[in-house]
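Chemist: File model_20.cif below, mmCIF, C-alpha atoms:
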```
data_run
#
loop_
_atom_site.group_PDB
_atom_site.id
_atom_site.type_symbol
_atom_site.label_atom_id
_atom_site.label_comp_id
_atom_site.auth_asym_id
_atom_site.auth_seq_id
_atom_site.Cartn_x
_atom_site.Cartn_y
_atom_site.Cartn_z
ATOM 1 C CA MET A 1 0.000 0.000 0.000
ATOM 2 C CA ILE A 2 1.358 3.389 -1.069
ATOM 3 C CA ALA A 3 0.777 6.400 1.182
ATOM 4 C CA VAL A 4 0.502 9.703 -0.723
ATOM 5 C CA ILE A 5 1.112 12.358 1.912
ATOM 6 C CA ASP A 6 -1.615 14.993 2.188
ATOM 7 C CA TYR A 7 -0.424 18.373 3.440
ATOM 8 C CA ASP A 8 -2.845 20.539 1.427
ATOM 9 C CA MET A 9 -0.379 21.091 -1.428
ATOM 10 C CA GLY A 10 0.093 19.144 -4.640
ATOM 11 C CA ASN A 11 -1.825 17.234 -7.236
ATOM 12 C CA LEU A 12 -2.657 14.484 -4.767
ATOM 13 C CA ARG A 13 -5.564 12.827 -6.521
ATOM 14 C CA SER A 14 -3.769 12.733 -9.870
ATOM 15 C CA VAL A 15 -0.776 11.058 -8.251
ATOM 16 C CA ALA A 16 -2.962 8.481 -6.500
ATOM 17 C CA LYS A 17 -4.885 7.803 -9.728
ATOM 18 C CA GLY A 18 -1.584 7.330 -11.538
ATOM 19 C CA PHE A 19 -0.651 4.556 -9.138
ATOM 20 C CA GLU A 20 -4.101 3.031 -9.454
ATOM 21 C CA LYS A 21 -3.709 2.956 -13.254
ATOM 22 C CA VAL A 22 -0.626 0.767 -12.903
ATOM 23 C CA GLY A 23 -2.333 -1.598 -10.487
ATOM 24 C CA ALA A 24 -0.979 -0.260 -7.196
ATOM 25 C CA GLU A 25 -3.080 0.501 -4.120
ATOM 26 C CA ALA A 26 -2.666 4.120 -3.016
ATOM 27 C CA ILE A 27 -4.259 6.182 -0.257
ATOM 28 C CA ILE A 28 -4.106 9.925 0.346
ATOM 29 C CA THR A 29 -3.394 10.472 4.024
ATOM 30 C CA ARG A 30 -1.834 12.618 6.736
ATOM 31 C CA ASP A 31 -2.421 9.993 9.418
ATOM 32 C CA PRO A 32 0.968 9.016 10.938
ATOM 33 C CA SER A 33 -0.237 5.467 11.639
ATOM 34 C CA GLU A 34 -1.223 4.945 7.991
ATOM 35 C CA ILE A 35 2.114 6.359 6.831
ATOM 36 C CA GLU A 36 3.867 3.942 9.196
ATOM 37 C CA ARG A 37 1.867 0.965 7.903
ATOM 38 C CA ALA A 38 2.422 1.823 4.231
ATOM 39 C CA SER A 39 4.946 -0.165 2.223
ATOM 40 C CA HIS A 40 5.870 2.910 0.124
ATOM 41 C CA VAL A 41 5.597 6.653 0.808
ATOM 42 C CA VAL A 42 5.158 9.455 -1.737
ATOM 43 C CA LEU A 43 5.564 13.189 -1.105
ATOM 44 C CA PRO A 44 4.111 15.165 -4.034
ATOM 45 C CA GLY A 45 4.030 18.932 -4.146
ATOM 46 C CA VAL A 46 3.115 22.032 -6.120
ATOM 47 C CA GLY A 47 3.686 25.549 -4.804
ATOM 48 C CA ALA A 48 6.216 27.407 -2.682
ATOM 49 C CA PHE A 49 8.973 25.787 -0.635
ATOM 50 C CA LYS A 50 8.228 27.863 2.488
ATOM 51 C CA ASP A 51 4.526 26.952 2.427
ATOM 52 C CA CYS A 52 5.356 23.290 1.979
ATOM 53 C CA MET A 53 7.642 23.198 5.025
ATOM 54 C CA HIS A 54 5.107 25.200 7.065
ATOM 55 C CA ASN A 55 2.297 22.765 6.244
ATOM 56 C CA LEU A 56 4.437 19.703 6.934
ATOM 57 C CA GLU A 57 5.237 21.146 10.350
ATOM 58 C CA ALA A 58 1.648 22.237 11.016
ATOM 59 C CA TYR A 59 0.296 18.765 10.291
ATOM 60 C CA LYS A 60 3.140 17.127 12.272
ATOM 61 C CA LEU A 61 4.245 15.158 9.236
ATOM 62 C CA ILE A 62 8.000 15.701 9.395
ATOM 63 C CA ASP A 63 8.672 12.997 11.994
ATOM 64 C CA PRO A 64 6.542 10.384 10.159
ATOM 65 C CA ILE A 65 8.363 11.219 6.915
ATOM 66 C CA LEU A 66 11.790 10.892 8.525
ATOM 67 C CA ALA A 67 10.759 7.684 10.301
ATOM 68 C CA SER A 68 9.493 6.114 7.092
ATOM 69 C CA ILE A 69 12.776 6.922 5.329
ATOM 70 C CA GLU A 70 14.842 5.645 8.247
ATOM 71 C CA SER A 71 12.877 2.378 8.158
ATOM 72 C CA GLY A 72 14.194 1.751 4.649
ATOM 73 C CA LYS A 73 10.887 1.691 2.806
ATOM 74 C CA PRO A 74 10.866 3.200 -0.720
ATOM 75 C CA PHE A 75 10.249 6.952 -0.673
ATOM 76 C CA LEU A 76 9.423 9.109 -3.701
ATOM 77 C CA GLY A 77 9.366 12.906 -3.847
ATOM 78 C CA ILE A 78 7.657 14.614 -6.782
ATOM 79 C CA CYS A 79 8.413 18.193 -7.920
ATOM 80 C CA LEU A 80 8.316 20.284 -4.724
ATOM 81 C CA GLY A 81 8.555 16.954 -2.909
ATOM 82 C CA LEU A 82 12.065 16.643 -4.345
ATOM 83 C CA GLN A 83 13.108 20.163 -3.439
ATOM 84 C CA VAL A 84 12.203 19.988 0.262
ATOM 85 C CA LEU A 85 14.521 16.995 0.677
ATOM 86 C CA LEU A 86 17.467 19.369 0.372
ATOM 87 C CA GLU A 87 18.981 21.521 3.093
ATOM 88 C CA GLU A 88 17.624 24.908 2.036
ATOM 89 C CA SER A 89 15.951 26.979 -0.674
ATOM 90 C CA ASP A 90 16.337 30.612 -1.701
ATOM 91 C CA GLU A 91 12.708 30.844 -2.889
ATOM 92 C CA PHE A 92 11.244 34.083 -1.426
ATOM 93 C CA GLY A 93 14.055 34.253 1.150
ATOM 94 C CA LEU A 94 16.206 31.531 2.662
ATOM 95 C CA HIS A 95 14.246 28.600 4.097
ATOM 96 C CA LYS A 96 15.361 25.325 5.653
ATOM 97 C CA GLY A 97 14.312 22.013 4.134
ATOM 98 C CA LEU A 98 14.336 18.483 5.517
ATOM 99 C CA GLY A 99 18.108 18.239 5.049
ATOM 100 C CA LEU A 100 18.097 14.640 3.819
ATOM 101 C CA ILE A 101 20.115 15.545 0.724
ATOM 102 C CA GLY A 102 23.021 17.973 0.882
ATOM 103 C CA GLY A 103 22.650 21.079 -1.265
ATOM 104 C CA ARG A 104 20.158 23.816 -1.951
ATOM 105 C CA VAL A 105 17.301 24.836 -4.230
ATOM 106 C CA VAL A 106 17.974 27.797 -6.529
ATOM 107 C CA HIS A 107 16.162 29.850 -9.174
ATOM 108 C CA PHE A 108 16.844 29.462 -12.872
ATOM 109 C CA PRO A 109 19.040 32.321 -14.145
ATOM 110 C CA ILE A 110 16.842 35.147 -15.454
ATOM 111 C CA ASP A 111 19.033 35.794 -18.501
ATOM 112 C CA MET A 112 19.046 32.324 -20.065
ATOM 113 C CA LYS A 113 18.941 32.369 -23.853
ATOM 114 C CA VAL A 114 18.682 29.885 -26.688
ATOM 115 C CA ASP A 115 19.611 30.311 -30.339
ATOM 116 C CA SER A 116 16.697 30.606 -32.763
ATOM 117 C CA SER A 117 16.251 31.522 -36.415
ATOM 118 C CA ALA A 118 15.727 35.125 -35.313
ATOM 119 C CA GLY A 119 18.847 35.109 -33.120
ATOM 120 C CA PRO A 120 19.282 34.646 -29.355
ATOM 121 C CA GLU A 121 15.925 34.269 -27.624
ATOM 122 C CA ARG A 122 15.358 34.566 -23.870
ATOM 123 C CA LEU A 123 14.015 31.426 -22.238
ATOM 124 C CA LYS A 124 10.865 31.807 -20.183
ATOM 125 C CA VAL A 125 10.765 30.962 -16.503
ATOM 126 C CA PRO A 126 9.032 28.917 -15.206
ATOM 127 C CA HIS A 127 10.348 26.017 -17.216
ATOM 128 C CA MET A 128 7.079 24.531 -18.378
ATOM 129 C CA GLY A 129 6.429 21.667 -20.769
ATOM 130 C CA TRP A 130 8.081 18.521 -22.062
ATOM 131 C CA ASN A 131 11.804 17.978 -21.686
ATOM 132 C CA ALA A 132 14.236 15.088 -21.965
ATOM 133 C CA ILE A 133 16.122 13.358 -19.182
ATOM 134 C CA ASN A 134 19.769 12.300 -19.359
ATOM 135 C CA LYS A 135 20.554 9.276 -17.204
ATOM 136 C CA GLN A 136 23.527 9.657 -14.879
ATOM 137 C CA LYS A 137 23.350 6.152 -13.381
ATOM 138 C CA GLU A 138 21.235 3.031 -13.447
ATOM 139 C CA SER A 139 18.211 2.685 -11.189
ATOM 140 C CA ARG A 140 15.234 0.369 -10.866
ATOM 141 C CA LEU A 141 13.075 3.503 -10.811
ATOM 142 C CA LEU A 142 13.977 4.044 -14.467
ATOM 143 C CA ASP A 143 13.752 0.433 -15.677
ATOM 144 C CA GLY A 144 12.410 0.480 -19.226
ATOM 145 C CA ILE A 145 12.912 4.248 -19.547
ATOM 146 C CA ASN A 146 15.203 5.253 -22.406
ATOM 147 C CA ASP A 147 17.916 7.859 -22.086
ATOM 148 C CA GLY A 148 16.438 10.983 -23.684
ATOM 149 C CA GLU A 149 12.840 10.106 -22.708
ATOM 150 C CA TYR A 150 10.548 13.119 -22.321
ATOM 151 C CA PHE A 151 8.674 14.075 -19.157
ATOM 152 C CA TYR A 152 6.472 17.014 -18.158
ATOM 153 C CA PHE A 153 7.973 19.820 -16.039
ATOM 154 C CA VAL A 154 6.593 22.932 -14.319
ATOM 155 C CA HIS A 155 9.076 24.781 -12.087
ATOM 156 C CA SER A 156 11.056 27.981 -11.586
ATOM 157 C CA TYR A 157 13.501 26.538 -9.052
ATOM 158 C CA TYR A 158 15.691 23.458 -9.280
ATOM 159 C CA ALA A 159 17.686 21.299 -6.879
ATOM 160 C CA SER A 160 21.462 21.702 -6.791
ATOM 161 C CA PRO A 161 22.744 18.699 -4.807
ATOM 162 C CA ALA A 162 26.117 18.936 -3.092
ATOM 163 C CA GLU A 163 27.097 15.403 -4.159
ATOM 164 C CA GLU A 164 27.272 14.262 -7.769
ATOM 165 C CA SER A 165 26.571 10.692 -6.650
ATOM 166 C CA VAL A 166 22.908 11.429 -5.829
ATOM 167 C CA LYS A 167 22.079 12.689 -9.328
ATOM 168 C CA LEU A 168 19.929 10.156 -11.141
ATOM 169 C CA THR A 169 19.133 12.276 -14.213
ATOM 170 C CA THR A 170 19.825 15.741 -15.536
ATOM 171 C CA SER A 171 17.925 17.836 -18.080
ATOM 172 C CA SER A 172 18.762 20.936 -20.107
ATOM 173 C CA TYR A 173 16.936 24.256 -20.046
ATOM 174 C CA GLY A 174 19.409 27.026 -20.659
ATOM 175 C CA ILE A 175 21.621 25.210 -18.145
ATOM 176 C CA GLU A 176 22.053 21.558 -17.202
ATOM 177 C CA PHE A 177 20.049 20.914 -14.025
ATOM 178 C CA THR A 178 19.299 17.934 -11.812
ATOM 179 C CA SER A 179 15.930 16.478 -12.793
ATOM 180 C CA SER A 180 15.907 13.469 -10.437
ATOM 181 C CA ILE A 181 17.902 12.124 -7.530
ATOM 182 C CA GLU A 182 18.399 8.833 -5.735
ATOM 183 C CA LYS A 183 20.150 8.058 -2.462
ATOM 184 C CA ASP A 184 19.576 4.635 -0.913
ATOM 185 C CA ASN A 185 15.781 4.239 -0.529
ATOM 186 C CA VAL A 186 15.080 7.935 -1.258
ATOM 187 C CA MET A 187 14.148 8.840 -4.825
ATOM 188 C CA ALA A 188 12.731 12.086 -6.147
ATOM 189 C CA VAL A 189 11.872 13.582 -9.525
ATOM 190 C CA GLN A 190 11.481 17.218 -10.546
ATOM 191 C CA PHE A 191 9.121 16.284 -13.364
ATOM 192 C CA HIS A 192 5.521 15.153 -12.909
ATOM 193 C CA PRO A 193 5.196 11.424 -13.681
ATOM 194 C CA GLU A 194 1.422 11.640 -13.211
ATOM 195 C CA LYS A 195 1.312 14.116 -16.144
ATOM 196 C CA SER A 196 3.896 12.362 -18.312
ATOM 197 C CA GLN A 197 1.724 9.779 -20.064
ATOM 198 C CA SER A 198 3.149 6.278 -20.590
ATOM 199 C CA ALA A 199 6.704 7.112 -19.494
ATOM 200 C CA GLY A 200 5.447 8.664 -16.275
ATOM 201 C CA LEU A 201 3.194 5.700 -15.532
ATOM 202 C CA LYS A 202 6.194 3.422 -16.069
ATOM 203 C CA VAL A 203 8.107 5.332 -13.394
ATOM 204 C CA LEU A 204 5.175 4.998 -10.982
ATOM 205 C CA LYS A 205 4.923 1.287 -11.760
ATOM 206 C CA ASN A 206 8.634 0.807 -11.173
ATOM 207 C CA PHE A 207 8.402 2.597 -7.832
ATOM 208 C CA SER A 208 5.438 0.492 -6.741
ATOM 209 C CA LEU A 209 7.452 -2.683 -7.411
ATOM 210 C CA LEU A 210 10.463 -1.670 -5.332
ATOM 211 C CA GLY A 211 10.890 -4.011 -2.401
ATOM 212 C CA VAL A 212 8.606 -6.600 -4.025
#
```
Would you give me this structure, written as structure tokens?

Modeler:
Amino acid sequence: MIAVIDYDMGNLRSVAKGFEKVGAEAIITRDPSEIERASHVVLPGVGAFKDCMHNLEAYKLIDPILASIESGKPFLGICLGLQVLLEESDEFGLHKGLGLIGGRVVHFPIDMKVDSSAGPERLKVPHMGWNAINKQKESRLLDGINDGEYFYFVHSYYASPAEESVKLTTSSYGIEFTSSIEKDNVMAVQFHPEKSQSAGLKVLKNFSLLGV
């Protein structure tokens, strides 16, 4: 049973339905006992880093999250759920994260440009739409996913991990940025698998089979 953590932020129902489409049982919950009983835990998220950390604290979800990770069960962060795993973010001021992954969350440069037929063209932020991933290492989370596969992104900030070893994939948008990470039983993706059609469902399926 997969626990999708409910802290009033994120596309919770879409994530749960994604797991249901691949034959996995998923519940949306903020009940610590249900999170403890779950075989897998997912932290989705859409919105601001500060608000996410505030809500996790307000609903007393930080200890259950840390306990579930310490127990060794598979853990998946999605979008903002990736970013809060890091030590801090500079989104609307400096804010502390969960500190499970060394590094910080930073804004895309505002002057990024790409060559076009009309000359250099400024890239829009947020980075929104389909983009390719470049695998940095092998992982069961990406079984059956080709290098260069496209996923759906929506974000203005990106994770900058302190250790190269945690980078699972990178993607390019003006700069090369980390688009997913993996460290032991902790995995997280900047893209939205629940919005990424067959490739995204494959990632959710792979996650649901970890530990099986």

Chemist: Would you mind reading off the distance between atom CA of Ile28 of chain A and atom CA of Ser160 of chain A, one decimal, in Å?

Modeler: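 So the two atoms, atom CA of Ile28 of chain A and atom CA of Ser160 of chain A, lie 29.0 Å apart.
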
Chemist: Name the residues, using the chain letters and numbers of the file, that sit within 12 Å of (20.7, 35.1, -13.7) when counting all atoms listed in the file, and give them as a PyMOL selection string.

Modeler: chain A and resi 106-113+122-123+125+174-175

Chemist: In terms of the shortest atom-to-atom distance over only C-alpha atoms, which of A:Ala48, A:Ala132, A:Ile78, A:Val84 is closest to His192 of chain A?

Modeler: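 Selected residue with least distance to His192 of chain A: A:Ile78.
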
Chemist: Neighbouring residues of segment 163-168 of chain A were defined as those with any atom within 6 Å, considering all atoms listed in the file; residues of the same chain fewer than 6 positions away were excluded. Please report them as a list in words.

Modeler: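 That gives Gln136, Lys137, Ser180, Ile181, Glu182 and Lys183 of chain A.
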
Chemist: Which residues match the PyMOL selection byres ((chain A and resi 152) around 12) in the file above, as a PDB file with C-alpha atoms, in the coordinates of the input?

Modeler:
```
ATOM      1  CA  ILE A  78       7.657  14.614  -6.782  1.00  0.00           C
ATOM      2  CA  CYS A  79       8.413  18.193  -7.920  1.00  0.00           C
ATOM      3  CA  HIS A 127      10.348  26.017 -17.216  1.00  0.00           C
ATOM      4  CA  MET A 128       7.079  24.531 -18.378  1.00  0.00           C
ATOM      5  CA  GLY A 129       6.429  21.667 -20.769  1.00  0.00           C
ATOM      6  CA  TRP A 130       8.081  18.521 -22.062  1.00  0.00           C
ATOM      7  CA  ASN A 131      11.804  17.978 -21.686  1.00  0.00           C
ATOM      8  CA  ALA A 132      14.236  15.088 -21.965  1.00  0.00           C
ATOM      9  CA  ILE A 133      16.122  13.358 -19.182  1.00  0.00           C
ATOM     10  CA  GLU A 149      12.840  10.106 -22.708  1.00  0.00           C
ATOM     11  CA  TYR A 150      10.548  13.119 -22.321  1.00  0.00           C
ATOM     12  CA  PHE A 151       8.674  14.075 -19.157  1.00  0.00           C
ATOM     13  CA  PHE A 153       7.973  19.820 -16.039  1.00  0.00           C
ATOM     14  CA  VAL A 154       6.593  22.932 -14.319  1.00  0.00           C
ATOM     15  CA  HIS A 155       9.076  24.781 -12.087  1.00  0.00           C
ATOM     16  CA  SER A 171      17.925  17.836 -18.080  1.00  0.00           C
ATOM     17  CA  SER A 179      15.930  16.478 -12.793  1.00  0.00           C
ATOM     18  CA  VAL A 189      11.872  13.582  -9.525  1.00  0.00           C
ATOM     19  CA  GLN A 190      11.481  17.218 -10.546  1.00  0.00           C
ATOM     20  CA  PHE A 191       9.121  16.284 -13.364  1.00  0.00           C
ATOM     21  CA  HIS A 192       5.521  15.153 -12.909  1.00  0.00           C
ATOM     22  CA  PRO A 193       5.196  11.424 -13.681  1.00  0.00           C
ATOM     23  CA  GLU A 194       1.422  11.640 -13.211  1.00  0.00           C
ATOM     24  CA  LYS A 195       1.312  14.116 -16.144  1.00  0.00           C
ATOM     25  CA  SER A 196       3.896  12.362 -18.312  1.00  0.00           C
ATOM     26  CA  GLN A 197       1.724   9.779 -20.064  1.00  0.00           C
ATOM     27  CA  SER A 198       3.149   6.278 -20.590  1.00  0.00           C
ATOM     28  CA  ALA A 199       6.704   7.112 -19.494  1.00  0.00           C
ATOM     29  CA  GLY A 200       5.447   8.664 -16.275  1.00  0.00           C
TER      30      GLY A 200
END
```

Chemist: Tell me, in Å to one decimal, how far atom CA of Ser71 of chain A is from atom CA of Lys17 of chain A.

Modeler: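 Separation of atom CA of Ser71 of chain A and atom CA of Lys17 of chain A: 25.8 Å.
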
Chemist: Using all atoms listed in the file, which residue out of A:Met9, A:Leu82, A:Ile27, A:Leu141 lies closest to Gly47 of chain A?

Modeler: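 For Gly47 of chain A, the nearest of the given residues is A:Met9.
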
Chemist: In Å to one decimal, how far is atom CA of Tyr173 of chain A from atom CA of Phe19 of chain A?

Modeler: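 Separation of atom CA of Phe19 of chain A and atom CA of Tyr173 of chain A: 28.6 Å.
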
Chemist: Pick from A:Lys124, A:Lys135, A:His40, A:Arg30: nearest to Ile62 of chain A, with only C-alpha atoms counted?

Modeler: A:Arg30

Chemist: What's around Val186 of chain A at 9 Å? Count all atoms listed in the file, leave out sequence neighbours fewer than 4 positions away in its own chain, and write the answer as a list in words.

Modeler: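 Result of the neighbour search: Ile69, Gly72, Lys73, Pro74, Phe75, Leu76, Gly77, Leu100, Ile181 and Glu182 of chain A.
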
Chemist: For the provided coordinates, the residues matched by the PyMOL selection byres ((chain A and resi 4) around 9) should be stated as a ChimeraX atom specification.

Modeler: /A:2-3,5-6,12-13,15-16,26-30,35,40-44

Chemist: Can you tell me, as a list in words, what residues are no more than 9 Å from segment 85-95 of chain A when counting all atoms listed in the file, ignoring any on the same chain fewer than 2 positions away?

Modeler: Ala48, Phe49, Lys50, Met53, Gly77, Leu80, Gly81, Leu82, Gln83, Gly97, Leu98, Gly99, Leu100, Ile101, Gly102, Gly103, Arg104, Val105, Val106, His107, Tyr157, Ala159, Ser160, Pro161 and Ala188 of chain A

Chemist: What does the file look like for those residues with C-alpha atoms, as a short mmCIF file (atom, residue, chain, number, x, y, z; two decimals), in the coordinates of the input?

Modeler:
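Result saved to selection-v3.cif:
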```cif
data_model
loop_
_atom_site.label_atom_id
_atom_site.label_comp_id
_atom_site.auth_asym_id
_atom_site.auth_seq_id
_atom_site.Cartn_x
_atom_site.Cartn_y
_atom_site.Cartn_z
CA ALA A 48 6.22 27.41 -2.68
CA PHE A 49 8.97 25.79 -0.64
CA LYS A 50 8.23 27.86 2.49
CA MET A 53 7.64 23.20 5.03
CA GLY A 77 9.37 12.91 -3.85
CA LEU A 80 8.32 20.28 -4.72
CA GLY A 81 8.56 16.95 -2.91
CA LEU A 82 12.06 16.64 -4.34
CA GLN A 83 13.11 20.16 -3.44
CA GLY A 97 14.31 22.01 4.13
CA LEU A 98 14.34 18.48 5.52
CA GLY A 99 18.11 18.24 5.05
CA LEU A 100 18.10 14.64 3.82
CA ILE A 101 20.11 15.54 0.72
CA GLY A 102 23.02 17.97 0.88
CA GLY A 103 22.65 21.08 -1.26
CA ARG A 104 20.16 23.82 -1.95
CA VAL A 105 17.30 24.84 -4.23
CA VAL A 106 17.97 27.80 -6.53
CA HIS A 107 16.16 29.85 -9.17
CA TYR A 157 13.50 26.54 -9.05
CA ALA A 159 17.69 21.30 -6.88
CA SER A 160 21.46 21.70 -6.79
CA PRO A 161 22.74 18.70 -4.81
CA ALA A 188 12.73 12.09 -6.15
#
```

Chemist: From the structure block, carefully write segment 112-132 of chain A out with N, CA and C atoms; format it as a PDB file, in the first residue's frame.

Modeler:
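Saved to part.pdb:
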```pdb
ATOM      1  N   MET A 112      18.769  33.473 -19.206  1.00  0.00           N
ATOM      2  CA  MET A 112      19.046  32.324 -20.065  1.00  0.00           C
ATOM      3  C   MET A 112      18.528  32.576 -21.477  1.00  0.00           C
ATOM      4  N   LYS A 113      19.323  32.169 -22.463  1.00  0.00           N
ATOM      5  CA  LYS A 113      18.941  32.369 -23.853  1.00  0.00           C
ATOM      6  C   LYS A 113      19.213  31.110 -24.661  1.00  0.00           C
ATOM      7  N   VAL A 114      18.492  30.992 -25.768  1.00  0.00           N
ATOM      8  CA  VAL A 114      18.682  29.885 -26.688  1.00  0.00           C
ATOM      9  C   VAL A 114      18.720  30.451 -28.101  1.00  0.00           C
ATOM     10  N   ASP A 115      19.519  29.850 -28.949  1.00  0.00           N
ATOM     11  CA  ASP A 115      19.611  30.311 -30.339  1.00  0.00           C
ATOM     12  C   ASP A 115      18.353  29.925 -31.107  1.00  0.00           C
ATOM     13  N   SER A 116      17.847  30.863 -31.902  1.00  0.00           N
ATOM     14  CA  SER A 116      16.697  30.606 -32.763  1.00  0.00           C
ATOM     15  C   SER A 116      16.974  31.206 -34.130  1.00  0.00           C
ATOM     16  N   SER A 117      16.063  30.994 -35.061  1.00  0.00           N
ATOM     17  CA  SER A 117      16.251  31.522 -36.415  1.00  0.00           C
ATOM     18  C   SER A 117      16.313  33.046 -36.421  1.00  0.00           C
ATOM     19  N   ALA A 118      15.718  33.665 -35.405  1.00  0.00           N
ATOM     20  CA  ALA A 118      15.727  35.125 -35.313  1.00  0.00           C
ATOM     21  C   ALA A 118      16.865  35.644 -34.434  1.00  0.00           C
ATOM     22  N   GLY A 119      17.754  34.719 -33.988  1.00  0.00           N
ATOM     23  CA  GLY A 119      18.847  35.109 -33.120  1.00  0.00           C
ATOM     24  C   GLY A 119      18.608  34.640 -31.701  1.00  0.00           C
ATOM     25  N   PRO A 120      19.445  35.067 -30.758  1.00  0.00           N
ATOM     26  CA  PRO A 120      19.282  34.646 -29.355  1.00  0.00           C
ATOM     27  C   PRO A 120      17.903  35.018 -28.806  1.00  0.00           C
ATOM     28  N   GLU A 121      17.271  34.058 -28.163  1.00  0.00           N
ATOM     29  CA  GLU A 121      15.925  34.269 -27.624  1.00  0.00           C
ATOM     30  C   GLU A 121      15.913  33.920 -26.143  1.00  0.00           C
ATOM     31  N   ARG A 122      15.382  34.802 -25.318  1.00  0.00           N
ATOM     32  CA  ARG A 122      15.358  34.566 -23.870  1.00  0.00           C
ATOM     33  C   ARG A 122      14.399  33.429 -23.532  1.00  0.00           C
ATOM     34  N   LEU A 123      14.855  32.530 -22.678  1.00  0.00           N
ATOM     35  CA  LEU A 123      14.015  31.426 -22.238  1.00  0.00           C
ATOM     36  C   LEU A 123      13.079  31.892 -21.128  1.00  0.00           C
ATOM     37  N   LYS A 124      11.852  31.425 -21.182  1.00  0.00           N
ATOM     38  CA  LYS A 124      10.865  31.807 -20.183  1.00  0.00           C
ATOM     39  C   LYS A 124      11.047  30.981 -18.914  1.00  0.00           C
ATOM     40  N   VAL A 125      10.812  31.625 -17.798  1.00  0.00           N
ATOM     41  CA  VAL A 125      10.765  30.962 -16.503  1.00  0.00           C
ATOM     42  C   VAL A 125       9.401  31.283 -15.894  1.00  0.00           C
ATOM     43  N   PRO A 126       8.615  30.285 -15.479  1.00  0.00           N
ATOM     44  CA  PRO A 126       9.032  28.917 -15.206  1.00  0.00           C
ATOM     45  C   PRO A 126       9.305  28.067 -16.447  1.00  0.00           C
ATOM     46  N   HIS A 127      10.132  27.073 -16.220  1.00  0.00           N
ATOM     47  CA  HIS A 127      10.348  26.017 -17.216  1.00  0.00           C
ATOM     48  C   HIS A 127       9.089  25.163 -17.226  1.00  0.00           C
ATOM     49  N   MET A 128       8.375  25.202 -18.319  1.00  0.00           N
ATOM     50  CA  MET A 128       7.079  24.531 -18.378  1.00  0.00           C
ATOM     51  C   MET A 128       6.951  23.760 -19.691  1.00  0.00           C
ATOM     52  N   GLY A 129       6.650  22.480 -19.583  1.00  0.00           N
ATOM     53  CA  GLY A 129       6.429  21.667 -20.769  1.00  0.00           C
ATOM     54  C   GLY A 129       7.283  20.409 -20.758  1.00  0.00           C
ATOM     55  N   TRP A 130       7.397  19.799 -21.925  1.00  0.00           N
ATOM     56  CA  TRP A 130       8.081  18.521 -22.062  1.00  0.00           C
ATOM     57  C   TRP A 130       9.576  18.736 -22.240  1.00  0.00           C
ATOM     58  N   ASN A 131      10.349  17.888 -21.567  1.00  0.00           N
ATOM     59  CA  ASN A 131      11.804  17.978 -21.686  1.00  0.00           C
ATOM     60  C   ASN A 131      12.393  16.588 -21.474  1.00  0.00           C
ATOM     61  N   ALA A 132      13.586  16.394 -22.022  1.00  0.00           N
ATOM     62  CA  ALA A 132      14.236  15.088 -21.965  1.00  0.00           C
ATOM     63  C   ALA A 132      15.069  14.923 -20.706  1.00  0.00           C
TER      64      ALA A 132
END
```
